[in-house]
>>> print(open('model.txt').read())   # compact mmCIF, C-alpha atoms and all ligand atoms
# COMPACT_ATOMS: atom_id res chain seq x y z
CA MET A 1 68.93 92.59 83.01
CA TYR A 2 71.39 90.97 85.45
CA ALA A 3 75.07 91.61 86.25
CA ALA A 4 77.62 88.85 85.63
CA PHE A 5 81.21 88.61 86.97
CA ARG A 6 83.07 87.83 83.73
CA SER A 7 86.80 88.00 84.43
CA ILE A 8 89.59 88.82 86.87
CA GLY A 9 93.09 90.26 86.62
CA ALA A 10 95.69 91.47 89.11
CA TYR A 11 99.11 92.98 89.42
CA ALA A 12 101.64 92.82 92.26
CA PRO A 13 104.81 94.93 92.20
CA GLU A 14 108.11 93.07 92.03
CA LYS A 15 109.77 94.37 95.19
CA ILE A 16 109.23 92.18 98.25
CA LEU A 17 109.39 93.59 101.79
CA SER A 18 109.93 90.66 104.18
CA ASN A 19 109.29 90.51 107.91
CA ASP A 20 113.05 90.26 108.46
CA GLU A 21 113.57 93.55 106.61
CA LEU A 22 110.90 95.19 108.81
CA THR A 23 112.82 94.14 111.94
CA LYS A 24 115.54 96.54 110.79
CA MET A 25 113.01 99.40 110.58
CA VAL A 26 110.89 98.98 113.75
CA ASP A 27 111.00 97.04 117.02
CA THR A 28 109.36 93.80 115.88
CA THR A 29 110.14 90.18 115.01
CA ASP A 30 109.24 87.78 112.23
CA GLU A 31 107.73 85.52 114.90
CA TRP A 32 105.43 88.26 116.28
CA ILE A 33 104.20 89.33 112.83
CA THR A 34 103.67 85.74 111.68
CA LYS A 35 101.84 84.70 114.85
CA ARG A 36 99.62 87.79 115.17
CA THR A 37 98.85 88.41 111.48
CA GLY A 38 99.92 85.44 109.32
CA ILE A 39 101.86 87.88 107.10
CA LYS A 40 105.35 86.84 105.90
CA GLU A 41 105.96 89.43 103.19
CA ARG A 42 104.26 92.15 101.19
CA ARG A 43 104.91 93.88 97.83
CA ILE A 44 106.07 97.48 97.57
CA ALA A 45 105.57 99.58 94.43
CA ALA A 46 108.53 101.34 92.85
CA GLU A 47 108.96 104.97 93.86
CA ASN A 48 107.69 106.28 90.52
CA GLU A 49 104.96 103.62 90.19
CA THR A 50 101.50 105.08 90.90
CA THR A 51 98.23 103.52 91.97
CA SER A 52 96.87 104.09 88.45
CA ASP A 53 99.92 102.36 86.89
CA MET A 54 99.14 99.23 88.91
CA ALA A 55 95.41 99.54 88.22
CA VAL A 56 96.02 99.66 84.45
CA LYS A 57 98.12 96.47 84.55
CA ALA A 58 95.40 94.60 86.44
CA ALA A 59 92.65 96.06 84.24
CA GLU A 60 94.32 95.09 80.97
CA LYS A 61 94.54 91.48 82.15
CA ALA A 62 90.90 91.45 83.25
CA ILE A 63 89.72 92.85 79.90
CA GLU A 64 91.88 90.42 77.91
CA ARG A 65 90.45 87.49 79.89
CA SER A 66 86.86 88.75 79.54
CA GLY A 67 86.75 88.09 75.81
CA LEU A 68 85.52 91.67 75.30
CA ASN A 69 87.28 94.53 73.56
CA LYS A 70 88.58 97.48 75.52
CA SER A 71 86.14 99.66 73.57
CA ASP A 72 83.21 97.66 75.03
CA ILE A 73 83.91 99.11 78.50
CA ASP A 74 81.46 101.94 79.27
CA MET A 75 82.34 102.69 82.90
CA ILE A 76 85.38 102.46 85.17
CA VAL A 77 85.09 102.58 88.95
CA VAL A 78 88.20 102.46 91.10
CA ALA A 79 88.22 101.66 94.83
CA THR A 80 91.21 103.27 96.49
CA ILE A 81 92.33 105.13 99.59
CA SER A 82 95.74 105.85 98.07
CA PRO A 83 94.74 107.69 94.90
CA ASP A 84 97.23 109.24 92.48
CA TYR A 85 95.93 112.67 93.56
CA PHE A 86 94.03 113.24 96.77
CA ASN A 87 91.41 115.61 95.35
CA MET A 88 91.36 115.49 91.57
CA PRO A 89 91.57 114.10 88.99
CA SER A 90 90.16 110.80 90.24
CA THR A 91 92.35 107.72 89.79
CA ALA A 92 89.61 106.22 87.59
CA THR A 93 89.93 109.08 85.10
CA VAL A 94 93.73 108.66 85.06
CA VAL A 95 93.27 104.91 84.47
CA ALA A 96 90.74 105.56 81.70
CA HIS A 97 93.10 107.97 79.98
CA LYS A 98 96.10 105.61 80.25
CA MET A 99 93.96 102.89 78.66
CA GLY A 100 92.85 105.16 75.84
CA LEU A 101 89.26 105.26 77.09
CA ASP A 102 88.59 109.00 77.26
CA LYS A 103 84.81 108.89 76.73
CA VAL A 104 83.71 106.53 79.51
CA THR A 105 82.11 107.32 82.88
CA ALA A 106 84.92 107.16 85.46
CA PHE A 107 85.00 107.82 89.19
CA ASP A 108 86.53 106.61 92.47
CA ILE A 109 84.95 105.14 95.57
CA SER A 110 86.46 105.54 99.02
CA ALA A 111 85.50 102.63 101.29
CA ALA A 112 88.95 101.49 102.44
CA CYS A 113 89.31 97.70 102.61
CA THR A 114 85.64 97.22 101.69
CA GLY A 115 86.20 99.19 98.49
CA PHE A 116 86.01 96.27 96.07
CA ILE A 117 82.64 95.13 97.41
CA TYR A 118 81.36 98.72 97.16
CA VAL A 119 82.49 99.08 93.51
CA LEU A 120 81.00 95.67 92.73
CA SER A 121 77.66 96.87 94.09
CA VAL A 122 77.89 100.08 92.02
CA ALA A 123 78.58 98.05 88.86
CA LYS A 124 75.65 95.75 89.60
CA ALA A 125 73.28 98.69 90.15
CA PHE A 126 74.32 100.53 86.96
CA ILE A 127 73.97 97.35 84.90
CA GLU A 128 70.66 96.22 86.38
CA SER A 129 69.17 99.68 85.86
CA GLY A 130 70.17 99.47 82.18
CA MET A 131 72.50 102.49 82.38
CA LYS A 132 75.73 100.58 81.57
CA LYS A 133 76.66 97.29 79.90
CA ASN A 134 80.30 96.48 80.66
CA VAL A 135 81.80 97.95 83.80
CA LEU A 136 85.48 97.69 84.71
CA ILE A 137 85.90 97.66 88.47
CA VAL A 138 89.30 98.05 90.09
CA GLY A 139 90.75 97.91 93.59
CA ALA A 140 94.22 99.50 93.56
CA GLU A 141 96.42 100.68 96.39
CA LYS A 142 99.87 102.07 96.97
CA MET A 143 99.53 101.64 100.74
CA SER A 144 103.28 102.12 101.18
CA ALA A 145 102.74 105.80 100.30
CA ILE A 146 100.36 106.36 103.23
CA THR A 147 102.06 104.06 105.76
CA ASP A 148 104.23 105.28 108.62
CA TYR A 149 107.32 103.03 108.62
CA THR A 150 108.14 104.09 112.18
CA ASP A 151 104.79 102.73 113.52
CA ARG A 152 105.09 99.00 114.18
CA GLY A 153 101.34 98.72 114.77
CA THR A 154 100.55 99.47 111.11
CA CYS A 155 103.67 99.20 108.90
CA ILE A 156 103.87 95.43 109.28
CA LEU A 157 100.39 95.01 107.79
CA PHE A 158 100.15 96.87 104.51
CA GLY A 159 101.31 96.16 100.96
CA ASP A 160 100.77 97.44 97.41
CA GLY A 161 98.95 95.96 94.42
CA ALA A 162 95.87 96.04 92.22
CA GLY A 163 93.06 93.79 91.06
CA ALA A 164 90.34 94.31 88.46
CA ALA A 165 87.21 92.60 87.17
CA VAL A 166 84.83 93.03 84.25
CA ILE A 167 81.14 93.00 85.19
CA SER A 168 78.73 92.71 82.25
CA ALA A 169 75.03 92.70 81.52
CA THR A 170 73.39 89.32 80.98
CA GLU A 171 69.85 88.07 80.53
CA ASN A 172 70.79 84.70 81.99
CA LYS A 173 69.82 84.65 85.67
CA GLU A 174 72.12 81.68 86.34
CA GLU A 175 75.14 83.90 85.57
CA ALA A 176 73.96 86.74 87.80
CA ILE A 177 75.58 88.10 90.93
CA VAL A 178 73.26 86.70 93.60
CA ASP A 179 73.42 89.41 96.27
CA ILE A 180 75.65 92.16 97.67
CA HIS A 181 75.46 93.69 101.12
CA THR A 182 77.28 96.93 102.04
CA ALA A 183 77.17 98.92 105.27
CA ALA A 184 78.99 101.58 107.29
CA ASP A 185 79.18 102.93 110.84
CA GLY A 186 80.72 106.41 110.86
CA SER A 187 80.60 106.61 114.66
CA LEU A 188 83.73 104.42 114.66
CA GLY A 189 85.53 106.47 112.01
CA ASP A 190 88.46 107.26 114.30
CA PHE A 191 89.43 103.57 114.54
CA LEU A 192 91.17 103.89 111.16
CA MET A 193 92.13 107.30 109.87
CA THR A 194 94.46 109.43 107.83
CA PRO A 195 93.55 112.39 110.03
CA ASP A 196 95.14 115.42 108.37
CA GLY A 197 95.02 117.31 105.13
CA GLY A 198 91.29 117.37 104.43
CA THR A 199 88.83 120.11 105.39
CA GLY A 200 88.33 118.37 108.76
CA ASN A 201 91.94 119.15 109.64
CA PRO A 202 93.51 121.28 106.90
CA HIS A 203 97.23 121.76 106.50
CA LYS A 204 98.17 125.23 107.67
CA ASN A 205 101.47 125.44 105.83
CA GLU A 206 103.16 123.13 103.36
CA LEU A 207 101.84 119.59 102.90
CA LYS A 208 103.57 117.12 105.19
CA ALA A 209 103.64 113.50 104.03
CA GLU A 210 103.37 112.08 107.55
CA ALA A 211 100.13 114.00 108.11
CA SER A 212 98.42 111.67 105.65
CA PHE A 213 99.70 108.40 107.13
CA ILE A 214 97.33 105.75 108.44
CA GLN A 215 96.54 105.66 112.15
CA MET A 216 94.73 102.61 113.48
CA LYS A 217 93.27 101.36 116.75
CA GLY A 218 94.30 97.83 115.79
CA ASN A 219 93.00 95.76 118.65
CA GLU A 220 89.57 97.48 118.82
CA THR A 221 89.25 97.17 115.02
CA PHE A 222 90.19 93.49 115.23
CA LYS A 223 87.40 92.63 117.68
CA ILE A 224 84.71 94.51 115.75
CA ALA A 225 85.93 93.00 112.46
CA VAL A 226 85.52 89.42 113.69
CA ARG A 227 82.04 90.03 115.11
CA THR A 228 80.74 92.13 112.20
CA LEU A 229 82.11 89.90 109.45
CA THR A 230 80.78 86.71 111.03
CA ASN A 231 77.29 88.21 111.41
CA ASP A 232 77.39 89.67 107.89
CA VAL A 233 78.41 86.43 106.23
CA VAL A 234 75.87 84.38 108.20
CA ASP A 235 73.22 86.92 107.20
CA ILE A 236 73.89 87.00 103.44
CA LEU A 237 73.92 83.18 103.27
CA LYS A 238 70.69 82.91 105.26
CA THR A 239 68.90 85.62 103.24
CA ASN A 240 69.71 83.75 100.05
CA ASN A 241 69.06 80.22 101.39
CA ILE A 242 72.62 79.14 100.69
CA THR A 243 74.60 76.87 103.02
CA PRO A 244 78.35 77.35 103.66
CA ASN A 245 78.85 74.00 101.94
CA GLU A 246 77.52 75.41 98.65
CA VAL A 247 80.22 78.12 98.57
CA THR A 248 83.14 77.06 96.36
CA HIS A 249 85.55 79.85 97.34
CA PHE A 250 85.31 81.96 100.49
CA VAL A 251 87.35 85.08 99.55
CA PRO A 252 87.76 87.28 102.61
CA HIS A 253 89.61 90.59 102.78
CA GLN A 254 93.20 89.67 103.62
CA ALA A 255 93.84 91.81 106.71
CA ASN A 256 94.89 89.26 109.29
CA TYR A 257 94.94 85.45 109.23
CA ARG A 258 93.39 85.34 112.71
CA ILE A 259 90.33 87.33 111.54
CA ILE A 260 89.92 85.05 108.49
CA LYS A 261 90.32 81.92 110.66
CA ALA A 262 87.77 83.12 113.22
CA VAL A 263 85.14 83.88 110.56
CA GLY A 264 85.95 80.69 108.60
CA ASP A 265 85.67 78.54 111.75
CA ALA A 266 82.37 80.17 112.76
CA LEU A 267 80.95 79.21 109.34
CA LYS A 268 82.66 75.78 109.46
CA PHE A 269 84.34 76.31 106.08
CA ARG A 270 86.75 73.55 105.05
CA ASP A 271 90.36 74.68 104.48
CA GLU A 272 90.07 74.19 100.71
CA GLN A 273 87.15 76.66 100.58
CA VAL A 274 89.12 79.51 102.18
CA VAL A 275 91.30 81.65 99.89
CA LEU A 276 94.47 82.92 101.61
CA THR A 277 96.99 85.36 100.18
CA VAL A 278 97.70 87.32 103.36
CA ALA A 279 101.08 85.59 103.90
CA LYS A 280 102.52 86.83 100.59
CA TYR A 281 100.75 90.15 99.98
CA GLY A 282 99.74 91.41 103.45
CA ASN A 283 96.81 93.83 103.56
CA THR A 284 96.42 95.60 100.21
CA SER A 285 93.16 97.26 101.31
CA GLY A 286 90.74 97.66 98.35
CA ALA A 287 92.98 95.49 96.15
CA SER A 288 93.05 92.46 98.43
CA ILE A 289 89.87 90.67 97.34
CA PRO A 290 90.44 90.91 93.55
CA MET A 291 94.11 89.95 94.06
CA ALA A 292 92.93 86.90 96.02
CA ILE A 293 90.35 85.94 93.35
CA ASN A 294 93.09 86.29 90.73
CA GLU A 295 95.29 83.91 92.71
CA VAL A 296 92.59 81.21 92.59
CA TYR A 297 92.07 81.90 88.87
CA GLU A 298 95.77 81.64 88.03
CA GLN A 299 96.02 78.39 90.00
CA GLY A 300 93.33 77.04 87.62
CA LYS A 301 90.90 76.55 90.50
CA LEU A 302 88.26 79.13 89.51
CA LYS A 303 85.77 77.40 87.23
CA ALA A 304 82.65 78.68 85.46
CA GLY A 305 79.71 78.43 87.86
CA ASP A 306 81.85 78.38 91.03
CA LEU A 307 80.16 80.37 93.78
CA MET A 308 82.38 82.93 95.52
CA LEU A 309 81.54 84.46 98.88
CA LEU A 310 83.39 87.76 99.32
CA ASP A 311 83.60 89.63 102.59
CA ALA A 312 85.48 92.70 103.79
CA PHE A 313 85.86 95.16 106.64
CA GLY A 314 87.76 98.43 106.81
CA GLY A 315 88.08 102.13 107.55
CA GLY A 316 84.91 104.17 107.81
CA LEU A 317 84.10 101.82 109.38
CA THR A 318 82.72 99.97 106.38
CA TRP A 319 81.93 96.34 105.70
CA GLY A 320 80.22 94.18 103.15
CA SER A 321 79.74 90.77 101.60
CA ALA A 322 78.76 89.40 98.22
CA LEU A 323 77.63 86.11 96.68
CA VAL A 324 79.11 85.98 93.20
CA PRO A 325 79.14 83.11 90.67
CA PHE A 326 82.10 83.15 88.29
CA SER A 327 80.50 83.59 84.86
CA PRO A 328 83.11 83.86 82.10
CA LEU A 329 81.86 84.42 78.55
CA THR A 330 84.01 81.60 77.19
CA LYS A 331 83.30 78.40 79.08
N1 LIG B 401 105.81 93.83 116.83
C1 LIG B 401 105.90 93.53 118.13
N2 LIG B 401 105.01 93.94 119.05
C2 LIG B 401 103.97 94.69 118.62
C3 LIG B 401 103.80 95.04 117.26
C4 LIG B 401 104.78 94.59 116.35
N3 LIG B 401 104.72 94.86 115.04
N4 LIG B 401 102.67 95.78 117.14
C5 LIG B 401 102.14 95.90 118.37
N5 LIG B 401 102.92 95.25 119.26
C6 LIG B 401 102.72 95.10 120.70
C7 LIG B 401 101.86 96.19 121.29
O1 LIG B 401 102.63 97.32 121.60
C8 LIG B 401 101.32 95.51 122.52
O2 LIG B 401 102.29 95.54 123.54
P1 LIG B 401 101.88 95.74 125.11
O3 LIG B 401 101.04 94.52 125.41
O4 LIG B 401 103.19 95.77 125.77
O5 LIG B 401 101.11 97.02 125.13
C9 LIG B 401 101.14 94.06 122.10
O6 LIG B 401 102.00 93.89 120.94
C10 LIG B 401 99.72 93.70 121.72
O7 LIG B 401 99.22 94.71 120.82
P2 LIG B 401 97.78 94.61 120.18
O8 LIG B 401 97.55 95.83 119.36
O9 LIG B 401 96.79 94.25 121.25
O10 LIG B 401 98.02 93.34 119.23
P3 LIG B 401 96.97 92.55 118.39
O11 LIG B 401 97.03 91.12 118.72
O12 LIG B 401 95.62 93.22 118.39
O13 LIG B 401 97.58 92.66 116.91
C11 LIG B 401 97.11 93.90 114.88
C12 LIG B 401 97.72 93.94 116.28
C13 LIG B 401 97.89 92.91 114.06
C14 LIG B 401 97.21 95.29 114.26
C15 LIG B 401 95.63 93.45 114.97
O14 LIG B 401 94.99 94.19 116.00
C16 LIG B 401 94.84 93.63 113.71
O15 LIG B 401 95.04 92.92 112.74
N6 LIG B 401 93.81 94.52 113.70
C17 LIG B 401 92.81 94.62 112.68
C18 LIG B 401 93.32 95.29 111.44
C19 LIG B 401 92.18 95.40 110.44
O16 LIG B 401 91.49 94.45 110.14
N7 LIG B 401 91.95 96.60 109.92
C20 LIG B 401 90.84 96.81 109.02
C21 LIG B 401 91.27 96.80 107.65
S1 LIG B 401 92.53 98.00 107.30
C22 LIG B 401 91.86 99.28 106.32
O17 LIG B 401 90.68 99.42 106.18
C23 LIG B 401 92.80 100.23 105.68
>>> encode(input="model.txt", output="structure tokens", more="lines below")
Ligand code: ACO
Amino acid sequence: MYAAFRSIGAYAPEKILSNDELTKMVDTTDEWITKRTGIKERRIAAENETTSDMAVKAAEKAIERSGLNKSDIDMIVVATISPDYFNMPSTATVVAHKMGLDKVTAFDISAACTGFIYVLSVAKAFIESGMKKNVLIVGAEKMSAITDYTDRGTCILFGDGAGAAVISATENKEEAIVDIHTAADGSLGDFLMTPDGGTGNPHKNELKAEASFIQMKGNETFKIAVRTLTNDVVDILKTNNITPNEVTHFVPHQANYRIIKAVGDALKFRDEQVVLTVAKYGNTSGASIPMAINEVYEQGKLKAGDLMLLDAFGGGLTWGSALVPFSPLTK
């Protein structure tokens, strides 16, 4: 049995936070943000809109486009670092309940910006082992809830949104996900952290929101991201005897245009191969790759058989890449 990437869906909240608006909140300029990150605006969820609310909207689209029924889904895995509840219940169980799927396996994965590649690998493993048939994977983030809007080094980067995909069992090898690589280096965990509130640094008194905000060593993370991602992408292509030219869509995690450009240039990808949504959504962490795939899909540019190369890097530190043909049921 193989695992096939059947469909994609995404959701972006309505509210736009522009660079100009950020200049009123912190000491920054549109020019600095644009030049250093490529970001022009990002979406911000409504105050009462949760990560699971966004996940459900993306998931419903993905299921509708898969040609399957909701009741065919036998597992839901959500990648998030901004869950509805920090300990329990998991966001995946909340999503399952909101979708009326109370009997499925449901759990979350925490791998920051690499989350979608991690959940993709989990879906592939469950399907190939014969344990599940139709897995809904979701990357969903309300980053605005864990972002410090007085820290110009991080608040200019992050945005909210969700993306989802249906991964299904197939006997047809041509439809199969070719390969997935995931990795982590915990020795660099302090590069990207929400340091307080867990057992490593418990709250002594009442919970303080700012204690759970993201802290990042941006420049150090940047350098490691470029080196690691380039090596990882070169490696997965080489292992599978695939040339950059054979990749239809290079879908990198949308953290910073300069990181994407450096990796894209190293691989000599043509502009039309590189998927870019960073200007309009910023960094939506685990949601960024499925939101970017959805963008290509909704532009009518994602065709059956197209080969996608996904790659991501994030807190942990974690990173990963995947070679994924688009294999819809209805061609
Ligand atoms: N506006 C104006 N100036 C700023 C801003 C800002 N928003 N932010 C920082 N600066 C200043 C700094 O204070 C510094 O000033 P100094 O030279 O006087 O000290 C100068 O700009 C340069 O700062 P750097 O941090 O070196 O800037 P850099 O070019 O590295 O850009 C950025 C910062 C955009 C954060 C970049 O480092 C980056 O994108 N890092 C990687 C992020 C990433 O990929 N994270 C992983 C995924 S996220 C996740 O997993 C949740």
>>> closest_residue(input="model.txt", among="A:Gly320, A:Gly153, A:Gly163, A:Gly130", to="ligand LIG 401 (chain B)", atoms="all atoms listed in the file")
A:Gly153
>>> residues_around(input="model.txt", residues="Thr230 in chain A", least_positions_apart="6", cutoff="9 Å", atoms="only C-alpha atoms", output="list of chain:residue names")
A:Ala262, A:Val263, A:Gly264, A:Ala266, A:Leu267
>>> residues_near_ligand(input="model.txt", ligand="ligand LIG 401 (chain B)", cutoff="7 Å", atoms="only C-alpha atoms and all ligand atoms", output="list in words")
Asp27, Thr28, Thr29, Trp32, Ile33, Arg36, Thr37, Ala112, Cys113, Arg152, Gly153, Thr154, Ile156, Leu192, Gly218, Asn219, Glu220, Thr221, Phe222, Ala225, Ala255, Asn256, Ser285, Phe313, Gly314 and Gly315 of chain A
>>> closest_residue(input="model.txt", among="A:Gly189, A:Gly100, A:Gly305, A:Gly161", to="Lys70 in chain A", atoms="only C-alpha atoms")
A:Gly100
>>> residues_around(input="model.txt", residues="Leu310 in chain A", least_positions_apart="2", cutoff="8 Å", atoms="all atoms listed in the file", output="PyMOL selection string")
chain A and resi 117+250-253+289+308+312+321-324
>>> closest_atom_pairs(input="model.txt", of="range 42-151 of chain A", to="range 167-171 of chain A", cutoff="7 Å", atoms="only C-alpha atoms", output="JSON lines")
{"residue": "A:Ala123", "atom": "CA", "partner": "A:Ile167", "partner_atom": "CA", "distance": 6.7}
{"residue": "A:Ile127", "atom": "CA", "partner": "A:Ala169", "partner_atom": "CA", "distance": 5.8}
{"residue": "A:Lys133", "atom": "CA", "partner": "A:Ala169", "partner_atom": "CA", "distance": 5.1}
{"residue": "A:Asn134", "atom": "CA", "partner": "A:Ser168", "partner_atom": "CA", "distance": 4.4}
{"residue": "A:Val135", "atom": "CA", "partner": "A:Ile167", "partner_atom": "CA", "distance": 5.2}
{"residue": "A:Leu136", "atom": "CA", "partner": "A:Ile167", "partner_atom": "CA", "distance": 6.4}
>>> residues_around(input="model.txt", residues="Lys280 in chain A", least_positions_apart="6", cutoff="8 Å", atoms="all atoms listed in the file", output="number ranges by chain")
A: 39-43
>>> residues_around(input="model.txt", residues="Lys132 in chain A", least_positions_apart="6", cutoff="12 Å", atoms="all atoms listed in the file", output="number ranges by chain")
A: 1-3, 72-76, 104-106, 122-126, 167-170
>>> write_last_selection(input="model.txt", atoms="C-alpha atoms", output="CSV table (one decimal), keeping the file's coordinate frame")
chain,number,residue,atom,x,y,z
A,1,MET,CA,68.9,92.6,83.0
A,2,TYR,CA,71.4,91.0,85.4
A,3,ALA,CA,75.1,91.6,86.2
A,72,ASP,CA,83.2,97.7,75.0
A,73,ILE,CA,83.9,99.1,78.5
A,74,ASP,CA,81.5,101.9,79.3
A,75,MET,CA,82.3,102.7,82.9
A,76,ILE,CA,85.4,102.5,85.2
A,104,VAL,CA,83.7,106.5,79.5
A,105,THR,CA,82.1,107.3,82.9
A,106,ALA,CA,84.9,107.2,85.5
A,122,VAL,CA,77.9,100.1,92.0
A,123,ALA,CA,78.6,98.0,88.9
A,124,LYS,CA,75.6,95.8,89.6
A,125,ALA,CA,73.3,98.7,90.2
A,126,PHE,CA,74.3,100.5,87.0
A,167,ILE,CA,81.1,93.0,85.2
A,168,SER,CA,78.7,92.7,82.2
A,169,ALA,CA,75.0,92.7,81.5
A,170,THR,CA,73.4,89.3,81.0
>>> residues_around(input="model.txt", residues="Asp265 in chain A", least_positions_apart="5", cutoff="12 Å", atoms="only C-alpha atoms", output="VMD selection string")
chain A and resid 226 230 234 244 250 257 to 260 270 to 271 273 to 274
>>> residues_near_point(input="model.txt", point="(82.7, 104.8, 91.2)", cutoff="10 Å", atoms="all atoms listed in the file", output="list in words")
Met75, Ile76, Val77, Val78, Ala79, Ser90, Ala92, Thr105, Ala106, Phe107, Asp108, Ile109, Ser110, Gly115, Tyr118, Val119, Leu120, Ser121, Val122, Ala123, Ile137 and Val138 of chain A
>>> closest_residue(input="model.txt", among="A:Phe158, A:Trp319, A:Asp30, A:Gly198", to="Asn231 in chain A", atoms="all atoms listed in the file")
A:Trp319
>>> closest_residue(input="model.txt", among="A:Asn201, A:Thr228, A:Asn283, A:Thr93", to="Val56 in chain A", atoms="only C-alpha atoms")
A:Thr93
>>> closest_residue(input="model.txt", among="A:Ala176, A:Ala183, A:Ala140, A:Met193", to="Pro325 in chain A", atoms="only C-alpha atoms")
A:Ala176
>>> closest_residue(input="model.txt", among="A:Asp196, A:Glu141, A:Asp311, A:Glu21", to="Thr51 in chain A", atoms="only C-alpha atoms")
A:Glu141
>>> closest_atom_pairs(input="model.txt", of="range 14-75 of chain A", to="range 298-304 of chain A", cutoff="12 Å", atoms="all atoms listed in the file", output="tab-separated table")
residue	atom	partner	partner_atom	distance
A:Lys61	CA	A:Glu298	CA	11.5
A:Ala62	CA	A:Glu298	CA	11.9
A:Arg65	CA	A:Glu298	CA	11.3
>>> atom_distance(input="model.txt", atom1="CA of Lys57 in chain A", atom2="CA of Leu309 in chain A")
25.0 Å
>>> atom_distance(input="model.txt", atom1="CA of Ala12 in chain A", atom2="CA of Gly197 in chain A")
28.4 Å
>>> axis_aligned_box(input="model.txt", around="range 271-285 of chain A", padding_each_side="4 Å", output="lines of an AutoDock Vina configuration file")
center_x = 94.8
center_y = 85.7
center_z = 102.2
size_x = 23.4
size_y = 31.1
size_z = 12.6
>>> decode(input="model.txt", residues="range 243-254 of chain A", atoms="N, CA, C and O atoms", output="JSON list (two decimals), in the first residue's frame")
[["chain", "number", "residue", "atom", "x", "y", "z"],
["A", 243, "THR", "N", 16.11, 15.37, -10.72],
["A", 243, "THR", "CA", 16.83, 16.63, -10.95],
["A", 243, "THR", "C", 15.90, 17.79, -10.60],
["A", 243, "THR", "O", 14.66, 17.65, -10.68],
["A", 244, "PRO", "N", 16.47, 18.95, -10.23],
["A", 244, "PRO", "CA", 15.62, 20.12, -9.93],
["A", 244, "PRO", "C", 14.66, 20.44, -11.06],
["A", 244, "PRO", "O", 13.53, 20.89, -10.85],
["A", 245, "ASN", "N", 15.07, 20.17, -12.28],
["A", 245, "ASN", "CA", 14.26, 20.44, -13.45],
["A", 245, "ASN", "C", 12.96, 19.63, -13.49],
["A", 245, "ASN", "O", 11.96, 20.05, -14.07],
["A", 246, "GLU", "N", 12.99, 18.45, -12.84],
["A", 246, "GLU", "CA", 11.80, 17.58, -12.85],
["A", 246, "GLU", "C", 10.77, 17.99, -11.80],
["A", 246, "GLU", "O", 9.66, 17.46, -11.79],
["A", 247, "VAL", "N", 11.13, 18.94, -10.93],
["A", 247, "VAL", "CA", 10.19, 19.41, -9.91],
["A", 247, "VAL", "C", 9.27, 20.45, -10.54],
["A", 247, "VAL", "O", 9.74, 21.41, -11.14],
["A", 248, "THR", "N", 7.95, 20.24, -10.43],
["A", 248, "THR", "CA", 7.02, 21.22, -11.01],
["A", 248, "THR", "C", 6.89, 22.43, -10.09],
["A", 248, "THR", "O", 6.96, 23.57, -10.54],
["A", 249, "HIS", "N", 6.67, 22.15, -8.79],
["A", 249, "HIS", "CA", 6.47, 23.26, -7.83],
["A", 249, "HIS", "C", 7.39, 23.06, -6.63],
["A", 249, "HIS", "O", 7.25, 22.06, -5.91],
["A", 250, "PHE", "N", 8.29, 23.99, -6.42],
["A", 250, "PHE", "CA", 9.11, 24.01, -5.21],
["A", 250, "PHE", "C", 8.33, 24.82, -4.17],
["A", 250, "PHE", "O", 8.09, 26.02, -4.37],
["A", 251, "VAL", "N", 7.85, 24.15, -3.10],
["A", 251, "VAL", "CA", 6.99, 24.81, -2.11],
["A", 251, "VAL", "C", 7.73, 24.90, -0.78],
["A", 251, "VAL", "O", 7.63, 24.00, 0.07],
["A", 252, "PRO", "N", 8.51, 25.97, -0.59],
["A", 252, "PRO", "CA", 9.25, 26.10, 0.66],
["A", 252, "PRO", "C", 8.40, 26.71, 1.76],
["A", 252, "PRO", "O", 7.41, 27.41, 1.47],
["A", 253, "HIS", "N", 8.78, 26.46, 3.01],
["A", 253, "HIS", "CA", 8.17, 27.18, 4.13],
["A", 253, "HIS", "C", 8.39, 28.68, 3.91],
["A", 253, "HIS", "O", 9.47, 29.11, 3.55],
["A", 254, "GLN", "N", 7.32, 29.45, 4.14],
["A", 254, "GLN", "CA", 7.37, 30.88, 3.81],
["A", 254, "GLN", "C", 7.77, 31.70, 5.04],
["A", 254, "GLN", "O", 6.95, 32.34, 5.68]]
